Amino acid sequence: MAQFKELVFSGVQPTGNLHLGNYLGAIVKFVELQKSHDCIYCVVDLHAITVPQDPVQLTSSIREVTAAFIACGIDPKAHIIFNQSQVPEHAELAWVFNCVARLGWLNRMTQFKEKAGKDRENASVGLYAYPALMAADILVYRATHVPVGEDQKQHLELSRDIAQKFNNDFSESITRTGFGDAFFPLPEPLIQGPATRVMSLRDGTKKMSKSDPSDYSRINLTDDADAIAQKVRKAKTDPEPLPSEEEGLKPRPEADNLVGIYAALSGTTKAAVLQEFGGAQFSTFKSALVDLSVARLGPIGAEMKKLTGDPAYIDSVLADGSERAGAIARKTMDAVKDILGFIRH
């Protein structure tokens, strides 16, 4: 089989209000991966418009996600940070993949069913074809690894199916044009450690979400120290002391969530947290969680504020990243055109 250079690709949608769930579920992993891999991190603004967006708000959200990447510790000089719409090859390869992917494959995508809801006929074609664009995002860089949450695993499997079908359908042309026995890698999911699934601070059975009407349900990355402290103190709990064993968290979703957040922020396990706080009242534990949250997240919020206050700097990071990403994407797209038999000058 062909050998591919290891490369990590991932994207975050610019839909504003990044919160603790986005940070622990994705961005922390992005920061960690840059120590061991070449990484490309994308603000996927083309994906954002699969549902209606306010153009002024979208501009601001693209900058906010970029600021979050940098504030959390991603180095835009050592790696690539850019926004998808500045590299037209994403959309170009997505069209090729629309012609490779099969309708039956897309019909099986559960996320479309969830997002379109009952009014499926009224959903945009973009929302339906979104997974083919996601495959193009990854494969236009011939990326080998993608950090994904559980909810995106199905889309990554589709990316592998599309890559495999392209390699099979055009195998003779791939060999003839000098690319060996496969042009696209089959990207692997990177699910690092126990998945940190952060739940709402008001209801431990629901995922933390930016669309929740209560701001007290989430900790936003832009929150200052006072807001973080207040939200942790007001987080829903139950009257029992904390258990000493993880088993004791199972019937207690709010306790489980707060212990999980503490473990993730301190880089330890739930078992270790319970060893320290088992038997303690929530008031004691929440005090420690306030201190830890403010210490970890306060500086990120302050840095994001500073960065978003300088849009020219953010835009220069995106322009530089887009140029570097574009150079890789163009090479891939030129090769795809040769494989398909298109004439190019």
# chains A, B, ... in the order shown; residues from 1 in each chain; ligands from 1
$ residues_around --residues "range 207-209 of chain A" --least-positions-apart "6" --cutoff "12 Å" --atoms "only C-alpha atoms" --output "JSON, numbers by chain"
{"A": [15, 16, 17, 18, 19, 20, 21, 22, 23, 24, 25, 151, 196, 197, 198, 199, 200, 201, 215, 216, 217, 218, 219, 220, 253, 254, 257, 261]}
$ closest_atom_pairs --of "range 69-99 of chain A" --to "range 27-42 of chain A" --cutoff "8 Å" --atoms "only C-alpha atoms" --output "JSON lines"
{"residue": "A:Phe69", "atom": "CA", "partner": "A:Ile27", "partner_atom": "CA", "distance": 7.1}
{"residue": "A:Cys72", "atom": "CA", "partner": "A:Val31", "partner_atom": "CA", "distance": 7.3}
{"residue": "A:Gly73", "atom": "CA", "partner": "A:Val31", "partner_atom": "CA", "distance": 6.0}
{"residue": "A:Ile74", "atom": "CA", "partner": "A:Val31", "partner_atom": "CA", "distance": 5.4}
{"residue": "A:His79", "atom": "CA", "partner": "A:Cys39", "partner_atom": "CA", "distance": 5.5}
{"residue": "A:Ile80", "atom": "CA", "partner": "A:Ile40", "partner_atom": "CA", "distance": 4.7}
{"residue": "A:Ile81", "atom": "CA", "partner": "A:Tyr41", "partner_atom": "CA", "distance": 5.0}
{"residue": "A:Phe82", "atom": "CA", "partner": "A:Cys42", "partner_atom": "CA", "distance": 5.2}
{"residue": "A:Asn83", "atom": "CA", "partner": "A:Cys42", "partner_atom": "CA", "distance": 5.4}
{"residue": "A:Gln84", "atom": "CA", "partner": "A:Cys42", "partner_atom": "CA", "distance": 6.2}
$ write_last_selection --atoms "N, CA and C atoms" --output "short mmCIF file (atom, residue, chain, number, x, y, z; two decimals), in the first residue's frame"
data_model
loop_
_atom_site.label_atom_id
_atom_site.label_comp_id
_atom_site.auth_asym_id
_atom_site.auth_seq_id
_atom_site.Cartn_x
_atom_site.Cartn_y
_atom_site.Cartn_z
N PHE A 69 -8.59 29.18 19.22
CA PHE A 69 -7.48 28.28 18.87
C PHE A 69 -6.16 28.83 19.43
N CYS A 72 -5.94 29.12 23.34
CA CYS A 72 -5.83 27.82 24.01
C CYS A 72 -4.45 27.20 23.82
N GLY A 73 -3.66 27.76 22.90
CA GLY A 73 -2.28 27.27 22.79
C GLY A 73 -1.89 26.67 21.45
N ILE A 74 -2.72 26.81 20.41
CA ILE A 74 -2.30 26.32 19.09
C ILE A 74 -1.39 27.37 18.47
N HIS A 79 2.02 25.45 12.96
CA HIS A 79 0.96 24.67 12.32
C HIS A 79 0.11 25.61 11.46
N ILE A 80 -0.98 25.10 10.94
CA ILE A 80 -1.79 25.93 10.03
C ILE A 80 -3.17 26.16 10.64
N ILE A 81 -3.56 27.43 10.78
CA ILE A 81 -4.93 27.80 11.17
C ILE A 81 -5.48 28.65 10.03
N PHE A 82 -6.65 28.27 9.51
CA PHE A 82 -7.22 29.05 8.40
C PHE A 82 -8.72 28.86 8.36
N ASN A 83 -9.40 29.67 7.55
CA ASN A 83 -10.84 29.43 7.35
C ASN A 83 -11.08 28.86 5.96
N GLN A 84 -11.94 27.85 5.97
CA GLN A 84 -12.20 26.98 4.82
C GLN A 84 -12.52 27.73 3.53
#
$ residues_around --residues "Ser61 in chain A" --least-positions-apart "4" --cutoff "10 Å" --atoms "only C-alpha atoms" --output "VMD selection string"
chain A and resid 13 to 18 43 45 55 to 57 65 to 67 308
$ write_last_selection --atoms "all heavy atoms" --output "compact mmCIF listing (two decimals), in the first residue's frame"
# COMPACT_ATOMS: atom_id res chain seq x y z
N GLN A 13 -16.80 24.51 13.67
CA GLN A 13 -17.76 25.42 13.03
C GLN A 13 -17.79 26.78 13.74
O GLN A 13 -17.80 26.83 14.96
CB GLN A 13 -19.17 24.83 13.08
CG GLN A 13 -19.40 23.83 11.98
CD GLN A 13 -20.86 23.79 11.54
OE1 GLN A 13 -21.52 24.82 11.42
NE2 GLN A 13 -21.35 22.60 11.28
N PRO A 14 -17.84 27.85 12.97
CA PRO A 14 -17.91 29.19 13.59
C PRO A 14 -19.35 29.58 13.90
O PRO A 14 -19.96 30.35 13.20
CB PRO A 14 -17.32 30.09 12.50
CG PRO A 14 -17.71 29.41 11.23
CD PRO A 14 -17.74 27.94 11.51
N THR A 15 -19.87 28.99 14.96
CA THR A 15 -21.26 29.33 15.28
C THR A 15 -21.32 30.07 16.62
O THR A 15 -22.33 30.04 17.30
CB THR A 15 -22.16 28.07 15.28
OG1 THR A 15 -21.45 27.03 15.93
CG2 THR A 15 -22.49 27.63 13.88
N GLY A 16 -20.22 30.71 17.01
CA GLY A 16 -20.23 31.60 18.18
C GLY A 16 -20.36 30.86 19.49
O GLY A 16 -20.75 29.70 19.54
N ASN A 17 -20.01 31.54 20.57
CA ASN A 17 -20.19 31.03 21.92
C ASN A 17 -19.51 29.69 22.17
O ASN A 17 -20.15 28.74 22.61
CB ASN A 17 -21.69 30.86 22.22
CG ASN A 17 -22.17 31.94 23.17
OD1 ASN A 17 -21.39 32.82 23.55
ND2 ASN A 17 -23.42 31.89 23.55
N LEU A 18 -18.23 29.58 21.90
CA LEU A 18 -17.51 28.35 22.24
C LEU A 18 -17.55 28.19 23.75
O LEU A 18 -17.40 29.16 24.49
CB LEU A 18 -16.06 28.46 21.77
CG LEU A 18 -15.81 28.31 20.28
CD1 LEU A 18 -14.34 28.51 19.99
CD2 LEU A 18 -16.24 26.94 19.77
N VAL A 43 -11.31 26.64 10.46
CA VAL A 43 -12.60 27.19 10.87
C VAL A 43 -13.54 26.92 9.69
O VAL A 43 -13.39 27.52 8.62
CB VAL A 43 -12.50 28.71 11.15
CG1 VAL A 43 -13.83 29.24 11.67
CG2 VAL A 43 -11.38 29.00 12.17
N ASP A 45 -16.21 27.50 7.82
CA ASP A 45 -17.29 28.46 7.58
C ASP A 45 -18.24 28.02 6.46
O ASP A 45 -19.40 28.41 6.44
CB ASP A 45 -16.74 29.87 7.33
CG ASP A 45 -15.58 29.92 6.34
OD1 ASP A 45 -15.27 28.87 5.72
OD2 ASP A 45 -14.97 30.99 6.20
N PRO A 55 -24.79 37.30 8.33
CA PRO A 55 -23.43 37.54 7.81
C PRO A 55 -22.52 38.32 8.78
O PRO A 55 -21.34 38.00 8.91
CB PRO A 55 -23.67 38.33 6.52
CG PRO A 55 -25.05 37.91 6.08
CD PRO A 55 -25.82 37.69 7.34
N VAL A 56 -23.08 39.32 9.47
CA VAL A 56 -22.24 40.11 10.40
C VAL A 56 -21.79 39.22 11.55
O VAL A 56 -20.63 39.23 11.96
CB VAL A 56 -23.03 41.34 10.91
CG1 VAL A 56 -22.24 42.08 11.98
CG2 VAL A 56 -23.35 42.28 9.75
N GLN A 57 -22.72 38.42 12.07
CA GLN A 57 -22.41 37.51 13.18
C GLN A 57 -21.41 36.45 12.74
O GLN A 57 -20.52 36.05 13.50
CB GLN A 57 -23.71 36.86 13.68
CG GLN A 57 -23.55 35.95 14.90
CD GLN A 57 -22.87 36.61 16.08
OE1 GLN A 57 -23.25 37.69 16.50
NE2 GLN A 57 -21.83 35.98 16.60
N VAL A 65 -13.55 31.92 16.85
CA VAL A 65 -13.00 30.56 16.88
C VAL A 65 -11.49 30.60 16.66
O VAL A 65 -10.72 29.90 17.32
CB VAL A 65 -13.69 29.65 15.84
CG1 VAL A 65 -12.99 28.30 15.75
CG2 VAL A 65 -15.15 29.45 16.19
N THR A 66 -11.05 31.45 15.75
CA THR A 66 -9.61 31.61 15.49
C THR A 66 -8.90 32.08 16.76
O THR A 66 -7.85 31.55 17.14
CB THR A 66 -9.36 32.62 14.35
OG1 THR A 66 -10.18 32.25 13.22
CG2 THR A 66 -7.91 32.66 13.93
N ALA A 67 -9.49 33.06 17.43
CA ALA A 67 -8.93 33.58 18.70
C ALA A 67 -8.86 32.47 19.74
O ALA A 67 -7.88 32.35 20.48
CB ALA A 67 -9.77 34.74 19.21
N THR A 308 -9.60 39.16 19.98
CA THR A 308 -10.75 39.60 19.18
C THR A 308 -10.82 41.13 19.10
O THR A 308 -11.45 41.68 18.20
CB THR A 308 -12.10 39.05 19.74
OG1 THR A 308 -12.14 39.28 21.14
CG2 THR A 308 -12.24 37.56 19.48
$ atom_distance --atom1 "CA of Glu276 in chain A" --atom2 "CA of Asp291 in chain A"
15.4 Å
$ closest_residue --among "A:Met304, A:Gln230, A:Ser244, A:Lys113" --to "Ala272 in chain A" --atoms "only C-alpha atoms"
A:Ser244
$ select_by_dssp --residues "range 101-271 of chain A" --states "strand (DSSP E or B)" --output "list in words"
His145, Val146, Pro147, Glu188, Pro189, Leu190, Met199, Lys207 and Asn220 of chain A
$ write_last_selection --atoms "N, CA, C and O atoms" --output "tab-separated table (two decimals), in the first residue's frame"
chain	number	residue	atom	x	y	z
A	145	HIS	N	-4.94	11.45	9.91
A	145	HIS	CA	-5.57	11.31	11.22
A	145	HIS	C	-6.52	12.48	11.50
A	145	HIS	O	-6.19	13.62	11.18
A	146	VAL	N	-7.64	12.17	12.12
A	146	VAL	CA	-8.65	13.19	12.43
A	146	VAL	C	-9.15	12.99	13.86
A	146	VAL	O	-9.71	11.94	14.17
A	147	PRO	N	-8.92	13.98	14.74
A	147	PRO	CA	-9.51	13.86	16.08
A	147	PRO	C	-11.01	14.06	15.98
A	147	PRO	O	-11.46	15.08	15.46
A	188	GLU	N	-7.65	7.90	9.72
A	188	GLU	CA	-7.95	7.18	10.96
A	188	GLU	C	-8.53	8.14	11.99
A	188	GLU	O	-8.06	9.27	12.10
A	189	PRO	N	-9.51	7.69	12.78
A	189	PRO	CA	-10.00	8.55	13.86
A	189	PRO	C	-9.00	8.57	15.01
A	189	PRO	O	-8.38	7.56	15.31
A	190	LEU	N	-8.84	9.72	15.62
A	190	LEU	CA	-8.03	9.82	16.84
A	190	LEU	C	-8.99	10.12	17.98
A	190	LEU	O	-9.49	11.22	18.12
A	199	MET	N	-21.59	17.91	30.16
A	199	MET	CA	-23.05	18.08	30.19
A	199	MET	C	-23.41	19.47	30.72
A	199	MET	O	-22.57	20.18	31.27
A	207	LYS	N	-26.38	17.45	26.95
A	207	LYS	CA	-25.05	17.92	26.57
A	207	LYS	C	-24.97	19.45	26.74
A	207	LYS	O	-25.95	20.15	26.48
A	220	ASN	N	-18.79	29.68	29.02
A	220	ASN	CA	-18.28	30.13	27.73
A	220	ASN	C	-16.79	30.41	27.85
A	220	ASN	O	-16.32	30.84	28.91
$ closest_residue --among "A:Val44, A:Lys165, A:Val148, A:Pro213" --to "Tyr130 in chain A" --atoms "only C-alpha atoms"
A:Val44
$ residues_around --residues "range 335-345 of chain A" --least-positions-apart "3" --cutoff "6 Å" --atoms "only C-alpha atoms" --output "list in words"
Ser173, Ile174 and Thr332 of chain A
$ atom_distance --atom1 "CA of Ser85 in chain A" --atom2 "CA of Ala319 in chain A"
11.1 Å
